[in-house]
file model.json (JSON, C-alpha atoms)
[["chain", "number", "residue", "atom", "x", "y", "z"],
["A", 901, "MET", "CA", -9.75, -18.63, -123.00],
["A", 902, "LYS", "CA", -6.03, -19.12, -123.32],
["A", 903, "ILE", "CA", -4.80, -22.21, -121.48],
["A", 904, "ALA", "CA", -1.20, -23.29, -120.85],
["A", 905, "LEU", "CA", -0.47, -27.01, -120.59],
["A", 906, "ILE", "CA", 2.81, -28.12, -119.02],
["A", 907, "ALA", "CA", 3.93, -31.52, -117.77],
["A", 908, "HIS", "CA", 7.14, -32.86, -116.31],
["A", 909, "ASP", "CA", 8.57, -35.91, -118.08],
["A", 910, "ARG", "CA", 6.93, -38.55, -115.88],
["A", 911, "LYS", "CA", 3.57, -36.73, -116.17],
["A", 912, "LYS", "CA", 3.45, -36.26, -119.95],
["A", 913, "GLU", "CA", 1.43, -39.43, -120.59],
["A", 914, "LEU", "CA", -1.04, -38.35, -117.93],
["A", 915, "MET", "CA", -1.34, -34.95, -119.63],
["A", 916, "VAL", "CA", -2.08, -36.68, -122.94],
["A", 917, "LYS", "CA", -4.80, -38.75, -121.26],
["A", 918, "LEU", "CA", -6.25, -35.60, -119.68],
["A", 919, "THR", "CA", -6.36, -33.76, -122.99],
["A", 920, "LEU", "CA", -7.94, -36.73, -124.74],
["A", 921, "ALA", "CA", -10.60, -37.02, -122.04],
["A", 922, "TYR", "CA", -11.35, -33.29, -122.09],
["A", 923, "GLN", "CA", -10.81, -32.69, -125.80],
["A", 924, "PRO", "CA", -14.41, -31.47, -126.32],
["A", 925, "ILE", "CA", -13.78, -28.71, -123.77],
["A", 926, "LEU", "CA", -10.23, -27.88, -124.84],
["A", 927, "LYS", "CA", -11.08, -27.57, -128.54],
["A", 928, "GLU", "CA", -13.09, -24.44, -127.69],
["A", 929, "HIS", "CA", -10.01, -22.65, -126.30],
["A", 930, "GLU", "CA", -6.56, -21.50, -127.39],
["A", 931, "LEU", "CA", -3.87, -23.88, -126.15],
["A", 932, "PHE", "CA", -0.23, -23.17, -125.33],
["A", 933, "ALA", "CA", 2.35, -25.67, -124.12],
["A", 934, "THR", "CA", 6.01, -26.27, -123.53],
["A", 935, "GLY", "CA", 7.82, -28.10, -126.34],
["A", 936, "THR", "CA", 7.53, -31.85, -125.95],
["A", 937, "THR", "CA", 4.28, -31.67, -124.01],
["A", 938, "GLY", "CA", 2.69, -29.62, -126.78],
["A", 939, "LEU", "CA", 3.92, -32.02, -129.45],
["A", 940, "LYS", "CA", 2.52, -35.05, -127.62],
["A", 941, "ILE", "CA", -0.85, -33.33, -127.07],
["A", 942, "SER", "CA", -1.09, -32.23, -130.68],
["A", 943, "GLU", "CA", -0.17, -35.68, -132.02],
["A", 944, "ALA", "CA", -2.65, -37.47, -129.74],
["A", 945, "THR", "CA", -5.60, -35.09, -130.08],
["A", 946, "GLY", "CA", -5.12, -33.21, -133.33],
["A", 947, "LEU", "CA", -5.75, -30.00, -131.39],
["A", 948, "PRO", "CA", -3.78, -26.93, -132.42],
["A", 949, "VAL", "CA", -1.22, -26.09, -129.73],
["A", 950, "HIS", "CA", 1.16, -23.14, -129.75],
["A", 951, "ARG", "CA", 4.44, -24.68, -128.64],
["A", 952, "PHE", "CA", 7.14, -22.88, -126.70],
["A", 953, "LYS", "CA", 10.61, -24.20, -125.89],
["A", 954, "SER", "CA", 10.90, -27.12, -123.51],
["A", 955, "GLY", "CA", 10.75, -26.21, -119.82],
["A", 956, "PRO", "CA", 14.48, -26.50, -119.06],
["A", 957, "LEU", "CA", 15.29, -24.42, -122.15],
["A", 958, "GLY", "CA", 13.04, -21.50, -121.18],
["A", 959, "GLY", "CA", 9.51, -22.66, -121.99],
["A", 960, "ASP", "CA", 8.33, -22.16, -118.40],
["A", 961, "GLN", "CA", 9.69, -18.60, -118.54],
["A", 962, "GLN", "CA", 7.95, -17.94, -121.84],
["A", 963, "ILE", "CA", 4.65, -18.99, -120.30],
["A", 964, "GLY", "CA", 5.46, -16.89, -117.22],
["A", 965, "ALA", "CA", 5.96, -13.89, -119.50],
["A", 966, "MET", "CA", 2.50, -14.46, -120.99],
["A", 967, "ILE", "CA", 1.04, -14.54, -117.49],
["A", 968, "SER", "CA", 2.75, -11.28, -116.54],
["A", 969, "GLU", "CA", 1.37, -9.65, -119.70],
["A", 970, "ASP", "CA", -2.16, -10.90, -118.88],
["A", 971, "LYS", "CA", -2.22, -13.10, -121.99],
["A", 972, "LEU", "CA", -3.11, -16.39, -120.27],
["A", 973, "ASP", "CA", -6.27, -17.35, -118.42],
["A", 974, "MET", "CA", -5.44, -20.75, -116.95],
["A", 975, "VAL", "CA", -2.43, -23.00, -116.34],
["A", 976, "ILE", "CA", -2.44, -26.76, -116.00],
["A", 977, "PHE", "CA", 1.02, -27.83, -114.87],
["A", 978, "LEU", "CA", 1.25, -31.52, -114.04],
["A", 979, "ARG", "CA", 4.33, -31.49, -111.81],
["A", 980, "ASP", "CA", 6.36, -34.44, -110.65],
["A", 981, "PRO", "CA", 6.95, -33.67, -106.97],
["A", 982, "LEU", "CA", 9.16, -36.75, -106.54],
["A", 983, "ALA", "CA", 11.81, -35.85, -109.12],
["A", 984, "ALA", "CA", 14.41, -33.10, -108.88],
["A", 985, "GLN", "CA", 14.02, -30.61, -111.71],
["A", 986, "PRO", "CA", 17.06, -28.78, -113.09],
["A", 987, "HIS", "CA", 14.87, -25.74, -113.73],
["A", 988, "GLU", "CA", 13.09, -25.72, -110.35],
["A", 989, "PRO", "CA", 13.55, -21.93, -109.92],
["A", 990, "ASP", "CA", 11.62, -21.44, -113.19],
["A", 991, "VAL", "CA", 8.85, -23.73, -111.93],
["A", 992, "THR", "CA", 8.63, -21.80, -108.66],
["A", 993, "ALA", "CA", 8.56, -18.49, -110.54],
["A", 994, "LEU", "CA", 5.72, -19.72, -112.77],
["A", 995, "ILE", "CA", 3.65, -20.77, -109.77],
["A", 996, "ARG", "CA", 4.39, -17.44, -108.07],
["A", 997, "LEU", "CA", 3.33, -15.47, -111.17],
["A", 998, "SER", "CA", 0.06, -17.42, -111.32],
["A", 999, "ASP", "CA", -0.61, -16.34, -107.75],
["A", 1000, "VAL", "CA", 0.42, -12.72, -108.33],
["A", 1001, "TYR", "CA", -1.80, -12.37, -111.40],
["A", 1002, "GLU", "CA", -4.62, -14.54, -110.00],
["A", 1003, "ILE", "CA", -4.46, -17.12, -112.77],
["A", 1004, "PRO", "CA", -6.17, -20.44, -111.99],
["A", 1005, "LEU", "CA", -3.43, -23.06, -111.67],
["A", 1006, "ALA", "CA", -3.64, -26.84, -111.36],
["A", 1007, "THR", "CA", -0.52, -28.79, -110.42],
["A", 1008, "ASN", "CA", -2.11, -32.24, -110.29],
["A", 1009, "ILE", "CA", -4.70, -34.24, -112.22],
["A", 1010, "GLY", "CA", -7.46, -33.82, -109.62],
["A", 1011, "THR", "CA", -7.32, -30.05, -109.66],
["A", 1012, "ALA", "CA", -6.89, -30.02, -113.44],
["A", 1013, "GLU", "CA", -10.16, -31.91, -113.87],
["A", 1014, "ILE", "CA", -11.98, -29.52, -111.56],
["A", 1015, "LEU", "CA", -10.63, -26.51, -113.47],
["A", 1016, "LEU", "CA", -11.65, -27.97, -116.83],
["A", 1017, "ARG", "CA", -15.11, -28.92, -115.64],
["A", 1018, "GLY", "CA", -15.44, -25.49, -114.05],
["A", 1019, "LEU", "CA", -14.35, -23.89, -117.31],
["A", 1020, "GLN", "CA", -17.08, -25.77, -119.13],
["A", 1021, "ALA", "CA", -19.65, -24.69, -116.53],
["A", 1022, "GLY", "CA", -18.64, -21.02, -116.82],
["A", 1023, "PHE", "CA", -16.94, -20.77, -113.42],
["A", 1024, "ALA", "CA", -13.90, -19.06, -114.95],
["A", 1025, "ASP", "CA", -15.89, -16.29, -116.61],
["A", 1026, "PHE", "CA", -14.47, -13.81, -114.09],
["A", 1027, "ARG", "CA", -11.46, -13.54, -116.39],
["A", 1028, "ASN", "CA", -13.71, -12.11, -119.11],
["A", 1029, "VAL", "CA", -15.20, -9.63, -116.65],
["A", 1030, "VAL", "CA", -11.71, -8.46, -115.65],
["A", 1031, "HIS", "CA", -10.81, -7.90, -119.30],
["A", 1032, "GLU", "CA", -14.06, -6.01, -119.91],
["A", 1033, "THR", "CA", -13.33, -3.61, -117.05],
["A", 1034, "ASP", "CA", -9.90, -2.63, -118.42],
["A", 1035, "ASN", "CA", -8.13, -5.04, -116.07],
["A", 1036, "LYS", "CA", -9.38, -3.29, -112.96],
["A", 1037, "PRO", "CA", -9.53, -5.72, -110.03],
["A", 1038, "LEU", "CA", -12.95, -7.00, -109.09],
["A", 1039, "SER", "CA", -14.25, -6.21, -105.65],
["A", 1040, "PHE", "CA", -16.25, -8.94, -103.97]]
call {"tool": "encode", "arguments": {"input": "model.json", "output": "structure tokens"}}
result
Amino acid sequence: MKIALIAHDRKKELMVKLTLAYQPILKEHELFATGTTGLKISEATGLPVHRFKSGPLGGDQQIGAMISEDKLDMVIFLRDPLAAQPHEPDVTALIRLSDVYEIPLATNIGTAEILLRGLQAGFADFRNVVHETDNKPLSF
């Protein structure tokens, strides 16, 4: 699966800890990240990470474009809800796109851990089924 990893400045260290803890799971997947977050993850874990621009310089929008083109399967975005972000409209748009395209999205460490453990257990396999059926929506 293709997983995007994004973290606001005060959450970057937490993202590094998350990726270190779940490195055995993450190494099996293709990772994408905004600039500095991707660099920190790569340096700490040695995992290959495709890095986009930093969030305020368009990285969030680049990841949003991947979502809209159905090229991402999961987003972990550790947000700092207590700090004003200069690119807040981009953050909101990214969250909206995740909802529109039904991409699993974690915005805090608790949900991120559940998504990663669920990924390992095969709970996100529905994304593969969608791709196998020519992106036709599943009916439950």
call {"tool": "residues_around", "arguments": {"input": "model.json", "residues": "stretch 910-922 of chain A", "least_positions_apart": "6", "cutoff": "12 Å", "atoms": "all atoms listed in the file", "output": "ChimeraX atom specification"}}
result
/A:903-904,928-929,931,933-949,976-985,1006-1020
call {"tool": "closest_residue", "arguments": {"input": "model.json", "among": "A:His908, A:Leu1005, A:Ile925, A:Leu994", "to": "A:Met966", "atoms": "all atoms listed in the file"}}
result
A:Leu994
call {"tool": "residues_around", "arguments": {"input": "model.json", "residues": "A:Ala965", "least_positions_apart": "3", "cutoff": "12 Å", "atoms": "all atoms listed in the file", "output": "PyMOL selection string"}}
result
chain A and resi 904+952+958-962+968-972+990+993-994+997-998+1001
call {"tool": "atom_distance", "arguments": {"input": "model.json", "atom1": "atom CA of A:Arg951", "atom2": "atom CA of A:Lys902"}}
result
13.0 Å
call {"tool": "atom_distance", "arguments": {"input": "model.json", "atom1": "atom CA of A:Pro924", "atom2": "atom CA of A:Ser954"}}
result
25.8 Å
call {"tool": "atom_distance", "arguments": {"input": "model.json", "atom1": "atom CA of A:Ala1024", "atom2": "atom CA of A:Gly955"}}
result
26.1 Å
